[in-house]
Amino acid sequence: MTNLSSRRGLLFGAAAVSAGAVLTGCTSNDPDDGGDKAADTQPAADDKPGKPVTIGYAGPQADHGWLNAVNDQAQQRAEKYSDVTLEVTEGSNDTAQQIGQIETLINKKVDVLVILPADGKALTQVGLKAMRAGIPVVNLDRIFNSPQAYRCWVGGDNYGMGLNAAHYIGEKLKDKQGAKVIELAGLDNLELTQQRTKGFDDGLKNYPNIQKVARQAAEFTVESGQAKMAQLLQAQSQFDALWNHDDDQGVGALRAIEQAGRDDFLMVGGAGALSAFQAIKADSGVLKATVLYPPTMAASAIDLARALGQGKGISGLAEFEIPSTVTCYSAVVDKENVDQYMPTGFK
C-alpha cells in the first residue's frame, strides 16, 4: 500500500452486507404503491437486462490484499450483468503506464470508465480527457484533484474508520477508570493514515476515562506490523486496547502479540481481511473486531457505471441521476455480525 493516496456523501448503513449489496438493494425499480406517480415512472437501474454498456476498468497493480479484492469485486460484479462488457487493463502503479492504458480505453470509445488511479493527482488530466470526450468517469477510491475529472466518486471513509474504532473501544472500556489504548498506524506520510488517526483521536474525546498512551506507524505490511508491534509491546507493559489500521499488517502484529505471550487487552483491526474475520469468529485471541474499508466499493462502482451507461438513476432516490459522491460506511464487524460479512473478506 505504499502508493496509496487519500481515500474519501451517501452513507451506507452498518446493517448492509456491503456497499455493492446496498446499491443493488436500492436499484430495484419495483413500484412503491404508496409513492407518487413521478417517482414510480422514474427510470432506475435494476438487474433486468437493458441497453448494452461497455465499461472500461483501470486499476493499480494488485500488490496488496485489499487492491486484489477490489479488482476481483469489479470483475465479478460485471459478470453478473448480461448487458455489461468489461474491458480491463493490466493494473499498474506506474503513472505513465496507467495513463496510457486509460487513453487506450478512451480511444476504444468505451461507454463509461471506472478508474482507481495509482495516484489521483497525477491522473487527473486523463480523467478530464475522458470526460471531455463524452465518456463519464466513475472515480474509485483515490480521488482526482478536480471534480471535473469524474462524474461520480465512490470510496471509503478513513476518518470514519478511526471514529468507529474509537467508539467500539470506548464502549468496551467506558466503565474502566484510567484505561489506556495504543495505536498501530499505517504510513504516516499518507493522508489516509492521518485521517484514520484523527478520527480515532476525535472519537476518544467522548471517553474522558481513556488515554492514548502510545502510537507507532507501520507500513501496511506483515513484516512491519510484526516489528512495530513488538516495539510497542516492549515499551508498554500494560494497556487495555489496541487499534491497528490495517488487517494485513495486523497479521504481523498478532504474531508479535503471540510471541510476547500477551492476552491482556482487546484489539480492533481495519479494512476487512478474511483472516481477521476468521479470528474474530474463533474468538480465541485478542482480536475482537475490525472496521471496514470495503473492497465491495468496486462492485458499487460497476453498478453506478452501468446506470450511467443506461442513462438511469437509482430507485429510492428522488433524483433522475446517480449521486455525484458515494461514501461507503465503515462498519464495525465483531463476533455478533461476522457471519454476515464473511463473504466479503479479502485474502
# chains A, B, ... in the order shown; residues from 1 in each chain; ligands from 1
$ closest_atom_pairs --of "segment 142-260 of chain A" --to "segment 113-117 of chain A" --cutoff "9 Å" --atoms "only C-alpha atoms" --output "Markdown table"
| residue | atom | partner | partner_atom | distance |
| --- | --- | --- | --- | --- |
| A:Arg142 | CA | A:Pro117 | CA | 6.1 |
| A:Ile143 | CA | A:Pro117 | CA | 7.8 |
| A:Phe144 | CA | A:Pro117 | CA | 8.1 |
$ write_last_selection --atoms "N, CA, C and O atoms" --output "PDB file, in the first residue's frame"
ATOM      1  N   ARG A 142      -9.261   6.551  -4.740  1.00  0.00           N
ATOM      2  CA  ARG A 142      -8.258   7.629  -4.702  1.00  0.00           C
ATOM      3  C   ARG A 142      -8.719   8.761  -5.614  1.00  0.00           C
ATOM      4  O   ARG A 142      -8.748   8.637  -6.826  1.00  0.00           O
ATOM      5  N   ILE A 143      -9.030   9.877  -5.004  1.00  0.00           N
ATOM      6  CA  ILE A 143      -9.794  10.905  -5.708  1.00  0.00           C
ATOM      7  C   ILE A 143      -8.921  11.794  -6.589  1.00  0.00           C
ATOM      8  O   ILE A 143      -7.786  12.127  -6.245  1.00  0.00           O
ATOM      9  N   PHE A 144      -9.467  12.160  -7.754  1.00  0.00           N
ATOM     10  CA  PHE A 144      -8.809  13.124  -8.629  1.00  0.00           C
ATOM     11  C   PHE A 144      -8.819  14.509  -7.983  1.00  0.00           C
ATOM     12  O   PHE A 144      -9.646  14.800  -7.119  1.00  0.00           O
TER      13      PHE A 144
END
$ closest_residue --among "A:Gly91, A:Gly170, A:Gly186, A:Gly285" --to "Asn158 of chain A" --atoms "only C-alpha atoms"
A:Gly186
$ closest_residue --among "A:Gly270, A:Gly156, A:Gly309, A:Gly199" --to "Gly50 of chain A" --atoms "only C-alpha atoms"
A:Gly309
$ closest_residue --among "A:Val222, A:Ala179, A:Ile106, A:Ala289" --to "Phe239 of chain A" --atoms "only C-alpha atoms"
A:Ala179
$ atom_distance --atom1 "atom CA of Gln236 of chain A" --atom2 "atom CA of Ala279 of chain A"
23.8 Å
$ residues_around --residues "Tyr57 of chain A" --least-positions-apart "4" --cutoff "9 Å" --atoms "only C-alpha atoms" --output "list in words"
Asn71, Ala74, Gln75, Leu86, Glu87, Val88, Thr89, Ile102, Leu105, Val112, Leu113, Val114, Ile115, Leu116 and Ile302 of chain A
$ decode --residues "segment 70-210 of chain A" --atoms "C-alpha atoms" --output "CSV table (one decimal), in the first residue's frame"
chain,number,residue,atom,x,y,z
A,70,VAL,CA,-11.1,-4.5,-5.4
A,71,ASN,CA,-10.2,-5.8,-8.8
A,72,ASP,CA,-11.9,-9.1,-8.2
A,73,GLN,CA,-15.1,-7.3,-6.9
A,74,ALA,CA,-15.3,-5.2,-10.1
A,75,GLN,CA,-14.9,-8.2,-12.4
A,76,GLN,CA,-17.3,-10.4,-10.5
A,77,ARG,CA,-19.9,-7.7,-10.5
A,78,ALA,CA,-19.7,-7.1,-14.2
A,79,GLU,CA,-20.1,-10.8,-14.8
A,80,LYS,CA,-23.5,-10.6,-13.1
A,81,TYR,CA,-24.9,-8.5,-15.9
A,82,SER,CA,-25.6,-9.9,-19.3
A,83,ASP,CA,-25.7,-6.3,-20.7
A,84,VAL,CA,-22.2,-5.3,-19.4
A,85,THR,CA,-19.0,-5.8,-21.2
A,86,LEU,CA,-15.9,-5.1,-19.1
A,87,GLU,CA,-12.7,-4.0,-20.7
A,88,VAL,CA,-10.0,-4.5,-18.0
A,89,THR,CA,-6.5,-3.0,-18.3
A,90,GLU,CA,-3.4,-4.7,-16.7
A,91,GLY,CA,-3.0,-3.0,-13.4
A,92,SER,CA,-0.1,-0.7,-12.9
A,93,ASN,CA,1.4,1.5,-10.2
A,94,ASP,CA,3.4,3.4,-12.9
A,95,THR,CA,1.6,6.6,-13.5
A,96,ALA,CA,2.6,7.0,-17.2
A,97,GLN,CA,1.7,3.4,-17.9
A,98,GLN,CA,-1.7,3.7,-16.3
A,99,ILE,CA,-2.4,6.9,-18.2
A,100,GLY,CA,-1.5,5.1,-21.4
A,101,GLN,CA,-3.9,2.3,-20.5
A,102,ILE,CA,-6.7,4.7,-19.9
A,103,GLU,CA,-6.1,6.6,-23.1
A,104,THR,CA,-6.4,3.2,-25.0
A,105,LEU,CA,-9.8,2.7,-23.4
A,106,ILE,CA,-10.8,6.3,-24.4
A,107,ASN,CA,-9.7,5.6,-28.0
A,108,LYS,CA,-11.8,2.4,-28.0
A,109,LYS,CA,-14.7,4.6,-27.1
A,110,VAL,CA,-16.0,2.7,-24.1
A,111,ASP,CA,-19.3,3.9,-22.8
A,112,VAL,CA,-18.1,4.5,-19.2
A,113,LEU,CA,-14.8,4.4,-17.4
A,114,VAL,CA,-14.2,3.2,-13.8
A,115,ILE,CA,-10.7,4.4,-12.7
A,116,LEU,CA,-8.9,3.6,-9.4
A,117,PRO,CA,-5.8,5.7,-10.0
A,118,ALA,CA,-2.4,4.8,-8.7
A,119,ASP,CA,-2.1,8.5,-7.9
A,120,GLY,CA,-5.2,10.6,-8.0
A,121,LYS,CA,-3.4,13.9,-8.6
A,122,ALA,CA,-1.2,12.6,-11.4
A,123,LEU,CA,-4.1,11.0,-13.3
A,124,THR,CA,-6.5,14.0,-13.0
A,125,GLN,CA,-5.7,15.1,-16.6
A,126,VAL,CA,-6.6,11.8,-18.1
A,127,GLY,CA,-9.8,11.8,-16.2
A,128,LEU,CA,-10.5,15.3,-17.7
A,129,LYS,CA,-9.7,14.0,-21.1
A,130,ALA,CA,-12.2,11.2,-20.8
A,131,MET,CA,-14.9,13.5,-19.6
A,132,ARG,CA,-14.3,15.9,-22.4
A,133,ALA,CA,-14.5,13.0,-24.8
A,134,GLY,CA,-18.0,12.4,-23.6
A,135,ILE,CA,-17.1,9.3,-21.5
A,136,PRO,CA,-18.4,9.6,-18.0
A,137,VAL,CA,-15.9,8.6,-15.3
A,138,VAL,CA,-16.6,6.8,-12.0
A,139,ASN,CA,-13.6,7.7,-9.9
A,140,LEU,CA,-12.9,4.9,-7.4
A,141,ASP,CA,-11.3,5.4,-4.0
A,142,ARG,CA,-8.3,7.6,-4.7
A,143,ILE,CA,-9.8,10.9,-5.7
A,144,PHE,CA,-8.8,13.1,-8.6
A,145,ASN,CA,-7.8,16.7,-7.9
A,146,SER,CA,-10.7,18.2,-9.8
A,147,PRO,CA,-14.4,17.2,-9.7
A,148,GLN,CA,-14.5,18.0,-13.4
A,149,ALA,CA,-12.4,14.8,-13.9
A,150,TYR,CA,-15.2,12.5,-12.8
A,151,ARG,CA,-19.0,12.2,-12.9
A,152,CYS,CA,-19.2,10.2,-9.7
A,153,TRP,CA,-16.7,9.4,-6.9
A,154,VAL,CA,-17.2,6.3,-4.8
A,155,GLY,CA,-14.9,5.3,-2.0
A,156,GLY,CA,-14.3,4.6,1.7
A,157,ASP,CA,-14.3,6.7,4.8
A,158,ASN,CA,-10.9,6.8,6.5
A,159,TYR,CA,-11.9,9.3,9.2
A,160,GLY,CA,-15.0,7.1,9.9
A,161,MET,CA,-12.7,4.1,10.3
A,162,GLY,CA,-10.9,5.8,13.1
A,163,LEU,CA,-14.0,7.2,14.6
A,164,ASN,CA,-15.9,3.9,14.7
A,165,ALA,CA,-12.8,2.1,16.1
A,166,ALA,CA,-12.7,4.6,18.9
A,167,HIS,CA,-16.4,4.2,19.6
A,168,TYR,CA,-16.1,0.4,19.7
A,169,ILE,CA,-13.2,0.5,22.1
A,170,GLY,CA,-14.7,3.3,24.1
A,171,GLU,CA,-17.9,1.4,24.8
A,172,LYS,CA,-15.9,-1.6,25.8
A,173,LEU,CA,-13.8,0.4,28.3
A,174,LYS,CA,-16.2,3.1,29.4
A,175,ASP,CA,-16.5,1.8,32.9
A,176,LYS,CA,-12.8,1.4,33.5
A,177,GLN,CA,-11.1,4.4,35.0
A,178,GLY,CA,-7.6,5.1,33.8
A,179,ALA,CA,-8.0,2.9,30.7
A,180,LYS,CA,-5.1,3.0,28.2
A,181,VAL,CA,-5.1,2.5,24.5
A,182,ILE,CA,-2.4,2.3,21.9
A,183,GLU,CA,-2.4,2.7,18.1
A,184,LEU,CA,-0.6,0.9,15.3
A,185,ALA,CA,-1.0,3.2,12.4
A,186,GLY,CA,-0.1,2.9,8.7
A,187,LEU,CA,2.4,5.0,6.7
A,188,ASP,CA,2.4,8.5,8.3
A,189,ASN,CA,3.1,10.3,5.0
A,190,LEU,CA,-0.3,9.2,3.6
A,191,GLU,CA,-3.3,11.4,4.1
A,192,LEU,CA,-5.4,8.3,4.7
A,193,THR,CA,-3.3,7.4,7.7
A,194,GLN,CA,-3.6,10.9,9.1
A,195,GLN,CA,-7.4,10.8,8.6
A,196,ARG,CA,-7.7,7.5,10.4
A,197,THR,CA,-5.7,8.8,13.3
A,198,LYS,CA,-7.7,12.0,13.5
A,199,GLY,CA,-11.0,10.1,13.5
A,200,PHE,CA,-9.6,7.8,16.3
A,201,ASP,CA,-8.4,10.7,18.4
A,202,ASP,CA,-11.7,12.6,17.9
A,203,GLY,CA,-13.7,9.6,18.9
A,204,LEU,CA,-11.7,9.0,22.1
A,205,LYS,CA,-12.6,12.5,23.2
A,206,ASN,CA,-16.0,11.1,24.0
A,207,TYR,CA,-14.5,8.9,26.7
A,208,PRO,CA,-12.5,11.0,29.2
A,209,ASN,CA,-11.6,7.9,31.2
A,210,ILE,CA,-9.5,6.7,28.3
